[in-house]
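Novice: My structure file coords.tsv, TSV, C-alpha atoms and all ligand atoms, is below:
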chain	number	residue	atom	x	y	z
K	1033	MET	CA	-0.13	-15.96	-12.88
K	1034	ALA	CA	-3.86	-16.74	-12.81
K	1035	ALA	CA	-3.84	-18.27	-9.36
K	1036	VAL	CA	-1.31	-16.00	-7.80
K	1037	LEU	CA	-3.35	-14.59	-4.99
K	1038	ARG	CA	-6.18	-16.74	-3.86
K	1039	ARG	CA	-6.88	-16.19	-0.26
K	1040	GLY	CA	-9.46	-14.99	2.15
K	1041	PHE	CA	-9.16	-13.62	5.63
K	1042	ARG	CA	-9.44	-16.15	8.34
K	1043	LEU	CA	-10.29	-15.66	11.97
K	1044	VAL	CA	-7.73	-16.75	14.50
K	1045	SER	CA	-8.64	-17.38	18.12
K	1046	PHE	CA	-6.78	-15.21	20.56
K	1047	GLY	CA	-7.99	-15.79	24.08
K	1048	SER	CA	-11.69	-15.15	23.98
K	1049	SER	CA	-11.43	-12.85	20.96
K	1050	GLN	CA	-11.12	-13.47	17.29
K	1051	LEU	CA	-8.56	-11.52	15.34
K	1052	LEU	CA	-8.17	-10.81	11.70
K	1053	CYS	CA	-5.35	-12.66	10.10
K	1054	GLY	CA	-4.64	-12.54	6.40
K	1055	GLY	CA	-3.35	-15.37	4.26
K	1056	CYS	CA	-1.94	-14.72	0.79
K	1057	LYS	CA	-2.06	-17.94	-1.13
K	1058	HIS	CA	0.26	-17.86	-4.04
K	1059	GLY	CA	0.60	-20.55	-6.61
K	1060	ARG	CA	4.07	-19.80	-7.89
K	1061	THR	CA	7.63	-20.16	-6.76
K	1062	SER	CA	8.82	-17.04	-5.02
K	1063	SER	CA	12.06	-15.51	-6.21
K	1064	LEU	CA	12.87	-14.34	-2.70
K	1065	SER	CA	16.40	-15.01	-1.55
K	1066	ILE	CA	16.85	-15.14	2.17
K	1067	CYS	CA	19.88	-14.96	4.42
K	1068	SER	CA	19.90	-15.08	8.20
K	1069	THR	CA	22.37	-13.77	10.72
K	1070	SER	CA	22.53	-14.23	14.46
K	1071	SER	CA	22.52	-11.12	16.59
K	1072	ARG	CA	24.05	-10.60	20.04
K	1073	ASN	CA	21.09	-11.94	21.94
K	1074	SER	CA	20.84	-14.96	19.67
K	1075	SER	CA	17.66	-13.72	17.97
K	1076	SER	CA	18.06	-14.23	14.27
K	1077	SER	CA	17.92	-11.39	11.79
K	1078	SER	CA	17.22	-11.95	8.15
K	1079	SER	CA	17.25	-10.21	4.81
K	1080	SER	CA	15.29	-11.21	1.78
K	1081	SER	CA	15.00	-9.60	-1.58
K	1082	SER	CA	12.88	-10.02	-4.66
K	1083	SER	CA	12.75	-7.85	-7.73
K	1084	HIS	CA	10.24	-5.42	-6.22
K	1085	VAL	CA	10.56	-5.70	-2.46
K	1086	LYS	CA	13.43	-5.97	0.00
K	1087	VAL	CA	12.86	-7.09	3.58
K	1088	ASP	CA	15.23	-6.68	6.54
K	1089	LEU	CA	14.03	-8.21	9.77
K	1090	ASP	CA	15.91	-7.39	12.95
K	1091	GLY	CA	15.25	-10.36	15.17
K	1092	SER	CA	16.46	-8.53	18.28
K	1093	THR	CA	13.87	-5.73	18.00
K	1094	GLY	CA	11.15	-7.55	16.07
K	1095	ILE	CA	11.07	-4.70	13.52
K	1096	ALA	CA	11.05	-5.47	9.80
K	1097	VAL	CA	11.81	-2.80	7.21
K	1098	VAL	CA	10.05	-3.52	3.93
K	1099	LYS	CA	11.49	-1.46	1.10
K	1100	PHE	CA	9.85	-0.97	-2.28
K	1101	GLN	CA	12.51	-1.21	-4.98
K	1102	SER	CA	10.61	-1.31	-8.25
K	1103	SER	CA	12.34	1.12	-10.56
K	1104	PRO	CA	11.60	3.73	-11.81
K	1105	VAL	CA	8.65	4.80	-9.60
K	1106	ASN	CA	7.47	1.81	-7.52
K	1107	SER	CA	4.27	1.59	-9.54
K	1108	MET	CA	2.17	-1.26	-8.21
K	1109	SER	CA	2.04	-3.86	-10.93
K	1110	LEU	CA	0.50	-7.30	-10.45
K	1111	ASP	CA	3.98	-8.69	-9.71
K	1112	PHE	CA	4.81	-5.89	-7.28
K	1113	LEU	CA	1.52	-6.39	-5.40
K	1114	THR	CA	2.03	-10.14	-5.34
K	1115	GLU	CA	5.56	-9.90	-3.94
K	1116	LEU	CA	4.57	-7.30	-1.37
K	1117	CYS	CA	1.64	-9.40	-0.23
K	1118	ILE	CA	3.79	-12.52	0.08
K	1119	SER	CA	6.47	-10.64	2.02
K	1120	LEU	CA	3.93	-9.18	4.44
K	1121	GLU	CA	2.26	-12.54	4.84
K	1122	LYS	CA	5.59	-14.19	5.72
K	1123	LEU	CA	6.34	-11.51	8.29
K	1124	GLU	CA	2.86	-11.84	9.76
K	1125	LEU	CA	3.47	-15.54	10.27
K	1126	ASP	CA	6.99	-15.01	11.65
K	1127	ARG	CA	6.86	-14.94	15.45
K	1128	SER	CA	10.10	-12.96	15.64
K	1129	CYS	CA	8.48	-10.04	13.79
K	1130	ARG	CA	6.25	-7.66	15.76
K	1131	GLY	CA	5.96	-4.74	13.39
K	1132	VAL	CA	6.79	-3.56	9.90
K	1133	ILE	CA	7.92	-0.27	8.41
K	1134	LEU	CA	6.95	0.24	4.77
K	1135	THR	CA	9.25	2.57	2.87
K	1136	SER	CA	10.94	3.08	-0.49
K	1137	ALA	CA	14.44	2.26	-1.60
K	1138	LEU	CA	14.09	4.71	-4.50
K	1139	PRO	CA	14.78	8.43	-4.31
K	1140	LYS	CA	11.84	10.89	-4.28
K	1141	ILE	CA	9.11	8.26	-4.69
K	1142	PHE	CA	7.29	6.21	-2.09
K	1143	SER	CA	5.02	4.72	-4.76
K	1144	ALA	CA	3.46	6.12	-7.95
K	1145	GLY	CA	0.31	4.15	-7.11
K	1146	LEU	CA	-1.24	1.43	-9.19
K	1147	ASP	CA	0.61	0.61	-12.37
K	1148	ILE	CA	-1.53	2.31	-15.02
K	1149	THR	CA	-0.28	-0.07	-17.70
K	1150	GLU	CA	-2.08	-2.90	-15.83
K	1151	MET	CA	-5.37	-1.04	-16.37
K	1152	TYR	CA	-4.89	-0.04	-19.99
K	1153	GLY	CA	-5.24	-2.01	-23.23
K	1154	LYS	CA	-5.55	-5.41	-21.52
K	1155	ASN	CA	-8.36	-7.96	-21.48
K	1156	PRO	CA	-11.13	-8.27	-18.84
K	1157	GLU	CA	-9.53	-11.38	-17.29
K	1158	HIS	CA	-6.34	-9.46	-16.71
K	1159	TYR	CA	-8.21	-6.53	-15.16
K	1160	ALA	CA	-10.05	-8.92	-12.83
K	1161	GLU	CA	-6.82	-10.58	-11.72
K	1162	PHE	CA	-5.11	-7.25	-11.23
K	1163	TRP	CA	-8.00	-5.82	-9.20
K	1164	LYS	CA	-8.08	-8.90	-7.03
K	1165	SER	CA	-4.42	-8.28	-6.16
K	1166	VAL	CA	-5.22	-4.64	-5.31
K	1167	GLN	CA	-7.98	-5.81	-2.97
K	1168	GLU	CA	-5.53	-8.34	-1.56
K	1169	ILE	CA	-2.90	-5.80	-0.60
K	1170	TRP	CA	-5.46	-3.52	1.04
K	1171	LEU	CA	-6.95	-6.44	2.98
K	1172	LYS	CA	-3.47	-7.48	4.03
K	1173	VAL	CA	-2.23	-4.07	5.20
K	1174	TYR	CA	-5.50	-2.70	6.61
K	1175	GLY	CA	-6.18	-5.92	8.51
K	1176	TYR	CA	-2.54	-6.55	9.45
K	1177	SER	CA	-2.29	-8.12	12.87
K	1178	LYS	CA	1.14	-6.58	13.50
K	1179	ILE	CA	2.06	-2.90	13.65
K	1180	ALA	CA	2.48	-1.23	10.26
K	1181	ILE	CA	4.10	2.18	9.91
K	1182	ALA	CA	4.49	4.03	6.60
K	1183	ALA	CA	7.78	5.89	6.25
K	1184	ILE	CA	6.82	7.99	3.24
K	1185	ASN	CA	10.08	9.18	1.76
K	1186	GLY	CA	8.69	10.56	-1.49
K	1187	SER	CA	5.53	11.19	-3.48
K	1188	SER	CA	2.65	8.86	-2.86
K	1189	PRO	CA	-0.32	9.31	-5.20
K	1190	ALA	CA	-3.47	7.17	-5.34
K	1191	GLY	CA	-2.60	3.51	-4.61
K	1192	GLY	CA	0.55	4.68	-2.79
K	1193	CYS	CA	-1.62	6.88	-0.59
K	1194	LEU	CA	-4.05	3.99	-0.05
K	1195	VAL	CA	-1.31	1.67	1.21
K	1196	SER	CA	0.03	4.44	3.47
K	1197	MET	CA	-3.45	5.13	4.86
K	1198	ALA	CA	-3.92	1.41	5.51
K	1199	CYS	CA	-0.94	1.50	7.90
K	1200	ASP	CA	-1.33	2.40	11.58
K	1201	TYR	CA	0.79	5.54	11.41
K	1202	ARG	CA	2.35	7.72	8.71
K	1203	ILE	CA	5.59	9.70	8.77
K	1204	MET	CA	6.37	11.78	5.71
K	1205	ALA	CA	9.55	13.47	4.49
K	1206	ASP	CA	9.45	17.24	4.70
K	1207	ASP	CA	10.12	18.04	1.05
K	1208	PRO	CA	7.67	20.52	-0.52
K	1209	ARG	CA	8.07	18.78	-3.90
K	1210	TYR	CA	6.46	15.60	-2.57
K	1211	ARG	CA	2.74	15.00	-2.85
K	1212	ILE	CA	0.30	12.55	-1.34
K	1213	GLY	CA	-3.41	12.02	-1.98
K	1214	LEU	CA	-6.08	10.13	-3.87
K	1215	ASN	CA	-5.80	11.83	-7.27
K	1216	GLU	CA	-7.93	9.30	-9.22
K	1217	ALA	CA	-10.40	11.95	-10.42
K	1218	GLN	CA	-7.53	13.72	-12.17
K	1219	LEU	CA	-7.01	10.59	-14.26
K	1220	GLY	CA	-10.72	10.41	-15.09
K	1221	ILE	CA	-11.18	7.37	-12.86
K	1222	VAL	CA	-12.99	6.89	-9.57
K	1223	ALA	CA	-11.68	5.62	-6.24
K	1224	PRO	CA	-13.82	2.65	-5.15
K	1225	PHE	CA	-15.74	2.65	-1.86
K	1226	TRP	CA	-12.96	1.03	0.19
K	1227	PHE	CA	-10.39	3.64	-0.94
K	1228	LYS	CA	-12.96	6.30	-0.01
K	1229	ASP	CA	-13.78	4.72	3.36
K	1230	THR	CA	-10.10	4.37	4.24
K	1231	MET	CA	-9.68	8.08	3.62
K	1232	VAL	CA	-12.84	8.98	5.53
K	1233	ASN	CA	-11.50	7.00	8.50
K	1234	THR	CA	-8.20	8.87	8.25
K	1235	VAL	CA	-9.17	12.50	7.60
K	1236	GLY	CA	-12.96	12.68	8.00
K	1237	PHE	CA	-15.91	13.01	5.64
K	1238	ARG	CA	-15.73	16.61	4.43
K	1239	THR	CA	-12.01	16.56	3.66
K	1240	THR	CA	-12.45	13.28	1.81
K	1241	GLU	CA	-15.39	14.67	-0.16
K	1242	LEU	CA	-13.30	17.58	-1.42
K	1243	SER	CA	-10.16	15.47	-1.89
K	1244	LEU	CA	-11.89	12.84	-4.00
K	1245	GLN	CA	-13.89	15.18	-6.20
K	1246	PHE	CA	-10.89	17.34	-7.02
K	1247	GLY	CA	-8.37	14.48	-6.90
K	1248	LEU	CA	-6.35	16.61	-4.50
K	1249	MET	CA	-2.69	15.97	-3.87
K	1250	TYR	CA	-1.25	17.45	-0.68
K	1251	SER	CA	2.20	18.72	0.18
K	1252	PRO	CA	3.64	17.15	3.37
K	1253	SER	CA	2.73	20.20	5.48
K	1254	ASP	CA	-0.85	20.28	4.14
K	1255	ALA	CA	-1.14	16.51	4.57
K	1256	LEU	CA	-0.13	17.00	8.20
K	1257	LYS	CA	-2.74	19.76	8.65
K	1258	ILE	CA	-5.60	17.55	7.47
K	1259	GLY	CA	-4.30	14.46	9.32
K	1260	LEU	CA	-3.45	12.50	6.19
K	1261	VAL	CA	0.00	11.97	7.73
K	1262	ASP	CA	0.80	11.96	11.45
K	1263	GLN	CA	4.28	13.46	11.37
K	1264	VAL	CA	6.49	15.35	8.95
K	1265	VAL	CA	10.24	15.14	9.54
K	1266	PRO	CA	13.42	15.91	7.57
K	1267	GLU	CA	13.94	13.27	4.90
K	1268	GLU	CA	17.10	11.88	6.49
K	1269	ASN	CA	15.14	11.23	9.70
K	1270	VAL	CA	12.14	9.44	8.20
K	1271	LEU	CA	13.37	5.91	8.85
K	1272	SER	CA	14.85	6.64	12.28
K	1273	THR	CA	11.62	8.38	13.34
K	1274	ALA	CA	9.62	5.41	12.08
K	1275	THR	CA	11.85	3.10	14.13
K	1276	GLU	CA	11.46	5.27	17.26
K	1277	THR	CA	7.72	5.40	16.69
K	1278	ILE	CA	7.28	1.68	16.22
K	1279	THR	CA	9.30	1.11	19.39
K	1280	LYS	CA	6.66	3.10	21.31
K	1281	TRP	CA	3.91	0.95	19.78
K	1282	LEU	CA	5.88	-2.17	20.73
K	1283	ALA	CA	5.64	-1.16	24.39
K	1284	ILE	CA	1.91	-1.96	24.28
K	1285	PRO	CA	1.02	-5.60	24.91
K	1286	ASP	CA	0.52	-7.19	21.47
K	1287	HIS	CA	-2.82	-8.84	22.26
K	1288	ALA	CA	-4.40	-5.61	23.55
K	1289	ARG	CA	-3.19	-3.61	20.57
K	1290	GLU	CA	-4.23	-6.28	18.08
K	1291	ILE	CA	-7.73	-6.67	19.49
K	1292	SER	CA	-8.18	-2.89	19.59
K	1293	LYS	CA	-7.06	-2.61	15.97
K	1294	SER	CA	-9.30	-5.43	14.87
K	1295	MET	CA	-12.25	-3.83	16.68
K	1296	MET	CA	-11.72	-0.60	14.71
K	1297	ARG	CA	-10.99	-2.14	11.31
K	1298	LYS	CA	-12.84	-5.43	11.03
K	1299	PRO	CA	-16.17	-3.92	9.87
K	1300	MET	CA	-14.48	-2.35	6.85
K	1301	VAL	CA	-12.51	-5.47	6.06
K	1302	ASP	CA	-15.68	-7.53	6.30
K	1303	ARG	CA	-17.49	-5.15	3.96
K	1304	LEU	CA	-14.95	-5.70	1.21
K	1305	LEU	CA	-14.74	-9.43	1.89
K	1306	ALA	CA	-18.50	-9.66	1.48
K	1307	SER	CA	-18.46	-7.82	-1.84
K	1308	ARG	CA	-15.19	-8.82	-3.48
K	1309	GLU	CA	-16.73	-10.36	-6.56
K	1310	SER	CA	-19.12	-7.47	-7.21
K	1311	ASP	CA	-16.30	-5.01	-6.60
K	1312	ILE	CA	-14.19	-6.83	-9.21
K	1313	LYS	CA	-17.12	-6.79	-11.64
K	1314	ASN	CA	-17.62	-3.06	-11.07
K	1315	PHE	CA	-13.96	-2.42	-11.69
K	1316	VAL	CA	-13.87	-4.48	-14.89
K	1317	ASN	CA	-17.06	-2.84	-16.21
K	1318	PHE	CA	-15.68	0.56	-15.40
K	1319	ILE	CA	-12.15	0.17	-16.67
K	1320	THR	CA	-13.18	-1.45	-19.98
K	1321	LYS	CA	-15.36	1.52	-20.98
K	1322	ASP	CA	-13.99	3.25	-24.06
K	1323	SER	CA	-14.20	6.64	-22.38
K	1324	ILE	CA	-12.17	5.44	-19.37
K	1325	GLN	CA	-9.55	3.75	-21.55
K	1326	LYS	CA	-9.29	6.99	-23.48
K	1327	SER	CA	-8.77	9.00	-20.29
K	1328	LEU	CA	-6.07	6.63	-19.09
K	1329	GLY	CA	-4.30	6.71	-22.46
K	1330	PHE	CA	-4.42	10.47	-22.41
K	1331	TYR	CA	-3.04	10.59	-18.87
K	1332	MET	CA	-0.17	8.21	-19.67
K	1333	ASN	CA	0.76	10.31	-22.69
K	1334	SER	CA	0.69	13.44	-20.59
K	1335	LEU	CA	3.11	11.81	-18.12
K	1336	LYS	CA	5.49	11.01	-20.95
K	1337	GLN	CA	5.16	14.45	-22.55
K	1338	ARG	CA	5.87	16.16	-19.24
K	1339	LYS	CA	9.28	14.54	-19.43
K	1340	ALA	CA	10.00	15.53	-23.02
K	1401	LIG	C1	-20.05	3.86	-9.16
K	1401	LIG	C2	-18.84	3.72	-10.05
K	1401	LIG	C3	-17.65	3.39	-9.23
K	1401	LIG	C4	-16.63	2.85	-10.13
K	1401	LIG	C5	-15.43	2.48	-9.32
K	1401	LIG	C6	-15.06	1.12	-9.70
K	1401	LIG	C7	-13.84	0.76	-9.77
K	1401	LIG	C8	-12.68	1.67	-9.55
K	1401	LIG	C9	-12.01	2.05	-10.81
K	1401	LIG	C10	-10.77	2.46	-10.85
K	1401	LIG	C11	-9.95	2.68	-9.64
K	1401	LIG	C12	-8.51	2.74	-9.97
K	1401	LIG	C13	-7.73	3.24	-8.79
K	1401	LIG	C14	-6.40	3.73	-9.25
K	1401	LIG	C15	-5.44	3.97	-8.41
K	1401	LIG	C16	-4.11	4.41	-8.86
K	1401	LIG	O1	-3.17	4.29	-8.11
K	1401	LIG	S1	-3.91	5.05	-10.43
K	1401	LIG	C17	-2.23	5.63	-10.51
K	1401	LIG	C18	-2.16	7.05	-10.06
K	1401	LIG	N1	-0.81	7.50	-10.10
K	1401	LIG	C19	-0.43	8.67	-10.60
K	1401	LIG	O2	-1.24	9.45	-11.05
K	1401	LIG	C20	1.04	8.97	-10.57
K	1401	LIG	C21	1.52	9.35	-11.92
K	1401	LIG	N2	2.94	9.57	-11.90
K	1401	LIG	C22	3.49	10.75	-11.50
K	1401	LIG	O3	2.83	11.67	-11.10
K	1401	LIG	C23	4.97	10.82	-11.58
K	1401	LIG	O4	5.43	9.80	-12.44
K	1401	LIG	C24	5.67	10.67	-10.21
K	1401	LIG	C25	5.20	9.43	-9.47
K	1401	LIG	C26	5.42	11.93	-9.36
K	1401	LIG	C27	7.20	10.54	-10.46
K	1401	LIG	O5	7.65	11.62	-11.23
K	1401	LIG	P1	9.09	11.52	-11.94
K	1401	LIG	O6	10.10	11.10	-10.94
K	1401	LIG	O7	9.28	12.80	-12.65
K	1401	LIG	O8	8.97	10.29	-12.93
K	1401	LIG	P2	8.25	10.25	-14.36
K	1401	LIG	O9	6.96	10.99	-14.32
K	1401	LIG	O10	9.23	10.66	-15.39
K	1401	LIG	O11	7.91	8.71	-14.50
K	1401	LIG	C28	8.91	7.74	-14.83
K	1401	LIG	C29	8.26	6.68	-15.68
K	1401	LIG	O12	7.28	6.00	-14.87
K	1401	LIG	C30	6.02	6.04	-15.55
K	1401	LIG	N3	4.95	6.07	-14.53
K	1401	LIG	C31	4.75	7.00	-13.62
K	1401	LIG	N4	3.70	6.69	-12.83
K	1401	LIG	C32	3.22	5.51	-13.29
K	1401	LIG	C33	2.13	4.67	-12.88
K	1401	LIG	N5	1.33	4.95	-11.85
K	1401	LIG	N6	1.93	3.54	-13.60
K	1401	LIG	C34	2.72	3.21	-14.65
K	1401	LIG	N7	3.77	3.98	-15.07
K	1401	LIG	C35	4.01	5.12	-14.38
K	1401	LIG	C36	6.09	7.30	-16.38
K	1401	LIG	O13	5.15	7.25	-17.42
K	1401	LIG	C37	7.52	7.25	-16.87
K	1401	LIG	O14	7.57	6.27	-17.91
K	1401	LIG	P3	8.59	6.46	-19.14
K	1401	LIG	O15	9.96	6.48	-18.50
K	1401	LIG	O16	8.23	7.76	-19.81
K	1401	LIG	O17	8.33	5.27	-20.00
Let me see the file written as structure tokens.

Specialist:
Amino acid sequence: MAAVLRRGFRLVSFGSSQLLCGGCKHGRTSSLSICSTSSRNSSSSSSSSSSHVKVDLDGSTGIAVVKFQSSPVNSMSLDFLTELCISLEKLELDRSCRGVILTSALPKIFSAGLDITEMYGKNPEHYAEFWKSVQEIWLKVYGYSKIAIAAINGSSPAGGCLVSMACDYRIMADDPRYRIGLNEAQLGIVAPFWFKDTMVNTVGFRTTELSLQFGLMYSPSDALKIGLVDQVVPEENVLSTATETITKWLAIPDHAREISKSMMRKPMVDRLLASRESDIKNFVNFITKDSIQKSLGFYMNSLKQRKA
């Protein structure tokens, strides 16, 4: 697993502009199974599935639905992040795909965020590899050249919120039991600068300041009020609304949309690219502290006890 994700962003010429284009390099055989079908207008559609991610690409519309299917709560383990990154990379390289919808195949949960067990009781090398894969997924989604819409059909704490915020647009299910936000402080951990900056760019400085310090989690209606999500719709309409929405985005010429997106996001992507190694070091130093390990252990126990 050591060399699973070894890639940097590369710049691709597009007319006179340069666009961000990710490239997940993965040194293992993917367990993805793929089947293709021909649609009416002879564009091919395909489905692929791995243990954590299922992808359905409709070749006639150019829309791919990427479903998280990592039971029980879509927590983002190293394997989950790797598979998601590979799937998104493949779609980015596939000319028949113009946009992706990220959603969950599981009930009530979009994603429980980073898999806490990857950050607890392991060795520094493991933490470094895990953190690199977290950076990787953010770089991939935030710098994605195609349209990315989050169809948030369940709770989405911390890393789940980060991935949603990295998309171009967020639609959340209108269920008052669901929550979304960067709750790291509640776990006794700290969101790194690129989590923070992603939130600042989504909801503004003051709201982020309060959200991060309290580790606030928002109901769908509150998330809509602060702009953390763009639309709240009945749960059964989340995917159809995402499809309608992406269709509107598809009406914009790809090159103009891509260059505009790159213009907005490239500075942040570049900032992380320039400091990846120090960011990994910071994470490893932080997460290996006894006090932090203790907080995480305590939090995991509290999750289990809540159930009992
Ligand atoms: C200057 C200094 C700067 C330093 C900064 C440097 C570096 C940065 C350092 C650290 C940054 C880390 C960033 C972390 C980001 C994260 O994403 S942390 C994860 C946050 N996630 C959560 O808090 C969610 C916790 N889970 C829940 O709230 C609930 O589980 C739920 C998602 C709402 C689902 O509820 P429910 O359906 O009731 O399911 P259960 O609670 O029963 O859970 C089922 C089992 O799943 C386990 N689980 C839940 N979440 C996680 C998770 N995130 N990771 C691993 N496992 C999880 C849960 O324990 C249950 O397990 P068992 O069945 O009991 O075995």

Novice: Using 8 Å as the limit and counting only C-alpha atoms and all ligand atoms, can you tabulate each residue of chain K that touches ligand LIG 1401 (chain K), with its shortest atom-to-atom distance in Å and the two atoms involved, as a tab-separated table?

Specialist:
residue	atom	partner	partner_atom	distance
K:Pro1104	CA	K:LIG1401	C28	5.7
K:Val1105	CA	K:LIG1401	O12	5.6
K:Ser1107	CA	K:LIG1401	C33	5.0
K:Met1108	CA	K:LIG1401	N6	7.2
K:Ser1109	CA	K:LIG1401	N6	7.9
K:Lys1140	CA	K:LIG1401	O6	6.9
K:Ile1141	CA	K:LIG1401	C25	6.3
K:Ser1143	CA	K:LIG1401	C25	6.7
K:Ala1144	CA	K:LIG1401	C25	4.0
K:Gly1145	CA	K:LIG1401	O1	3.6
K:Leu1146	CA	K:LIG1401	O1	3.6
K:Asp1147	CA	K:LIG1401	N6	3.4
K:Ile1148	CA	K:LIG1401	N6	3.9
K:Thr1149	CA	K:LIG1401	C34	5.4
K:Glu1150	CA	K:LIG1401	C34	7.9
K:Ser1187	CA	K:LIG1401	C26	5.9
K:Ser1188	CA	K:LIG1401	C25	7.1
K:Pro1189	CA	K:LIG1401	N1	5.2
K:Ala1190	CA	K:LIG1401	O1	4.0
K:Gly1191	CA	K:LIG1401	O1	3.6
K:Gly1192	CA	K:LIG1401	O1	6.5
K:Tyr1210	CA	K:LIG1401	C26	7.8
K:Arg1211	CA	K:LIG1401	C26	7.7
K:Leu1214	CA	K:LIG1401	C15	7.7
K:Asn1215	CA	K:LIG1401	O2	6.4
K:Glu1216	CA	K:LIG1401	C14	5.8
K:Gln1218	CA	K:LIG1401	O2	7.7
K:Leu1219	CA	K:LIG1401	O2	6.7
K:Ile1221	CA	K:LIG1401	C10	5.3
K:Val1222	CA	K:LIG1401	C5	5.0
K:Ala1223	CA	K:LIG1401	C11	4.8
K:Pro1224	CA	K:LIG1401	C5	4.5
K:Phe1225	CA	K:LIG1401	C5	7.5
K:Asp1311	CA	K:LIG1401	C6	7.0
K:Ile1312	CA	K:LIG1401	C7	7.6
K:Asn1314	CA	K:LIG1401	C6	5.1
K:Phe1315	CA	K:LIG1401	C7	3.7
K:Val1316	CA	K:LIG1401	C7	7.3
K:Asn1317	CA	K:LIG1401	C6	7.9
K:Phe1318	CA	K:LIG1401	C6	5.8
K:Ile1319	CA	K:LIG1401	C9	6.2
K:Met1332	CA	K:LIG1401	O13	5.9
K:Asn1333	CA	K:LIG1401	O13	7.5
K:Leu1335	CA	K:LIG1401	O13	5.0
K:Lys1336	CA	K:LIG1401	O16	4.4
K:Gln1337	CA	K:LIG1401	O16	7.9
K:Arg1338	CA	K:LIG1401	O9	7.2
K:Lys1339	CA	K:LIG1401	O10	5.6

Novice: Excluding same-chain residues fewer than 2 positions from region 1161-1166 of chain K, what lies within 8 Å of it counting all atoms listed in the file, as an MDAnalysis selection string?

Specialist: chainID K and resid 1034 1037 1109:1110 1113:1114 1150 1157:1159 1168:1170 1308 1312 1315

Novice: Restrict the selected residues to C-alpha atoms and save them as an mmCIF file, in the coordinates of the input.

Specialist:
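New file part.cif:
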data_model
loop_
_atom_site.group_PDB
_atom_site.id
_atom_site.type_symbol
_atom_site.label_atom_id
_atom_site.label_comp_id
_atom_site.auth_asym_id
_atom_site.auth_seq_id
_atom_site.Cartn_x
_atom_site.Cartn_y
_atom_site.Cartn_z
ATOM 1 C CA ALA K 1034 -3.860 -16.740 -12.810
ATOM 2 C CA LEU K 1037 -3.350 -14.590 -4.990
ATOM 3 C CA SER K 1109 2.040 -3.860 -10.930
ATOM 4 C CA LEU K 1110 0.500 -7.300 -10.450
ATOM 5 C CA LEU K 1113 1.520 -6.390 -5.400
ATOM 6 C CA THR K 1114 2.030 -10.140 -5.340
ATOM 7 C CA GLU K 1150 -2.080 -2.900 -15.830
ATOM 8 C CA GLU K 1157 -9.530 -11.380 -17.290
ATOM 9 C CA HIS K 1158 -6.340 -9.460 -16.710
ATOM 10 C CA TYR K 1159 -8.210 -6.530 -15.160
ATOM 11 C CA GLU K 1168 -5.530 -8.340 -1.560
ATOM 12 C CA ILE K 1169 -2.900 -5.800 -0.600
ATOM 13 C CA TRP K 1170 -5.460 -3.520 1.040
ATOM 14 C CA ARG K 1308 -15.190 -8.820 -3.480
ATOM 15 C CA ILE K 1312 -14.190 -6.830 -9.210
ATOM 16 C CA PHE K 1315 -13.960 -2.420 -11.690
#

Novice: Can you check which parts of region 1070-1189 of chain K lie within 12 Å of region 1282-1303 of chain K? Per residue, the shortest pair of atoms and distance in Å to one decimal, counting all atoms listed in the file, sorted by chain and number, as a tab-separated table.

Specialist:
residue	atom	partner	partner_atom	distance
K:Thr1093	CA	K:Leu1282	CA	9.2
K:Gly1094	CA	K:Leu1282	CA	8.9
K:Ile1095	CA	K:Leu1282	CA	9.2
K:Arg1127	CA	K:Asp1286	CA	11.7
K:Cys1129	CA	K:Leu1282	CA	10.8
K:Arg1130	CA	K:Leu1282	CA	7.4
K:Gly1131	CA	K:Leu1282	CA	7.8
K:Val1132	CA	K:Leu1282	CA	11.0
K:Gln1167	CA	K:Val1301	CA	10.1
K:Glu1168	CA	K:Val1301	CA	10.7
K:Ile1169	CA	K:Val1301	CA	11.7
K:Trp1170	CA	K:Val1301	CA	8.9
K:Leu1171	CA	K:Val1301	CA	6.4
K:Lys1172	CA	K:Val1301	CA	9.5
K:Val1173	CA	K:Val1301	CA	10.4
K:Tyr1174	CA	K:Arg1297	CA	7.2
K:Gly1175	CA	K:Arg1297	CA	6.7
K:Tyr1176	CA	K:Ser1294	CA	8.7
K:Ser1177	CA	K:Glu1290	CA	5.9
K:Lys1178	CA	K:Glu1290	CA	7.1
K:Ile1179	CA	K:Leu1282	CA	8.1
K:Ala1180	CA	K:Leu1282	CA	11.0
K:Ile1181	CA	K:Leu1282	CA	11.8

Novice: If you measure from CA of Val1195 (chain K) to CA of Tyr1331 (chain K), what distance in Å do you get, rounded to one decimal?

Specialist: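 Straight-line distance from CA of Val1195 (chain K) to CA of Tyr1331 (chain K) works out to 22.0 Å.
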
Novice: Have a look at K:Gly1220, K:Ser1196, K:Asp1254, K:Val1265 and name the one nearest to Thr1234 (chain K); count only C-alpha atoms.

Specialist: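 Comparing K:Gly1220, K:Ser1196, K:Asp1254, K:Val1265 against Thr1234 (chain K), the winner is K:Ser1196.
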
Novice: Which residue gives the smallest distance to Trp1226 (chain K) among K:Gln1245, K:Thr1320, K:Ser1307, K:Ser1251, with all atoms listed in the file counted?

Specialist: K:Ser1307

Novice: Expressed in Å to a single decimal, how great is the separation between CA of Asp1088 (chain K) and CA of Ser1119 (chain K)?

Specialist: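 Atom-to-atom, CA of Asp1088 (chain K) and CA of Ser1119 (chain K) are spaced 10.6 Å apart.
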
Novice: Let me make sure I understand: among K:Ser1076, K:Asn1106, K:Gln1263, K:Asn1233, which one has the smallest atom-to-atom distance to Asp1126 (chain K) if we use all atoms listed in the file?

Specialist: K:Ser1076

Novice: Just how far from CA of Val1098 (chain K) is CA of Ser1253 (chain K), in Å to one decimal?

Specialist: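 CA of Val1098 (chain K) lies at a distance of 24.9 Å from CA of Ser1253 (chain K).
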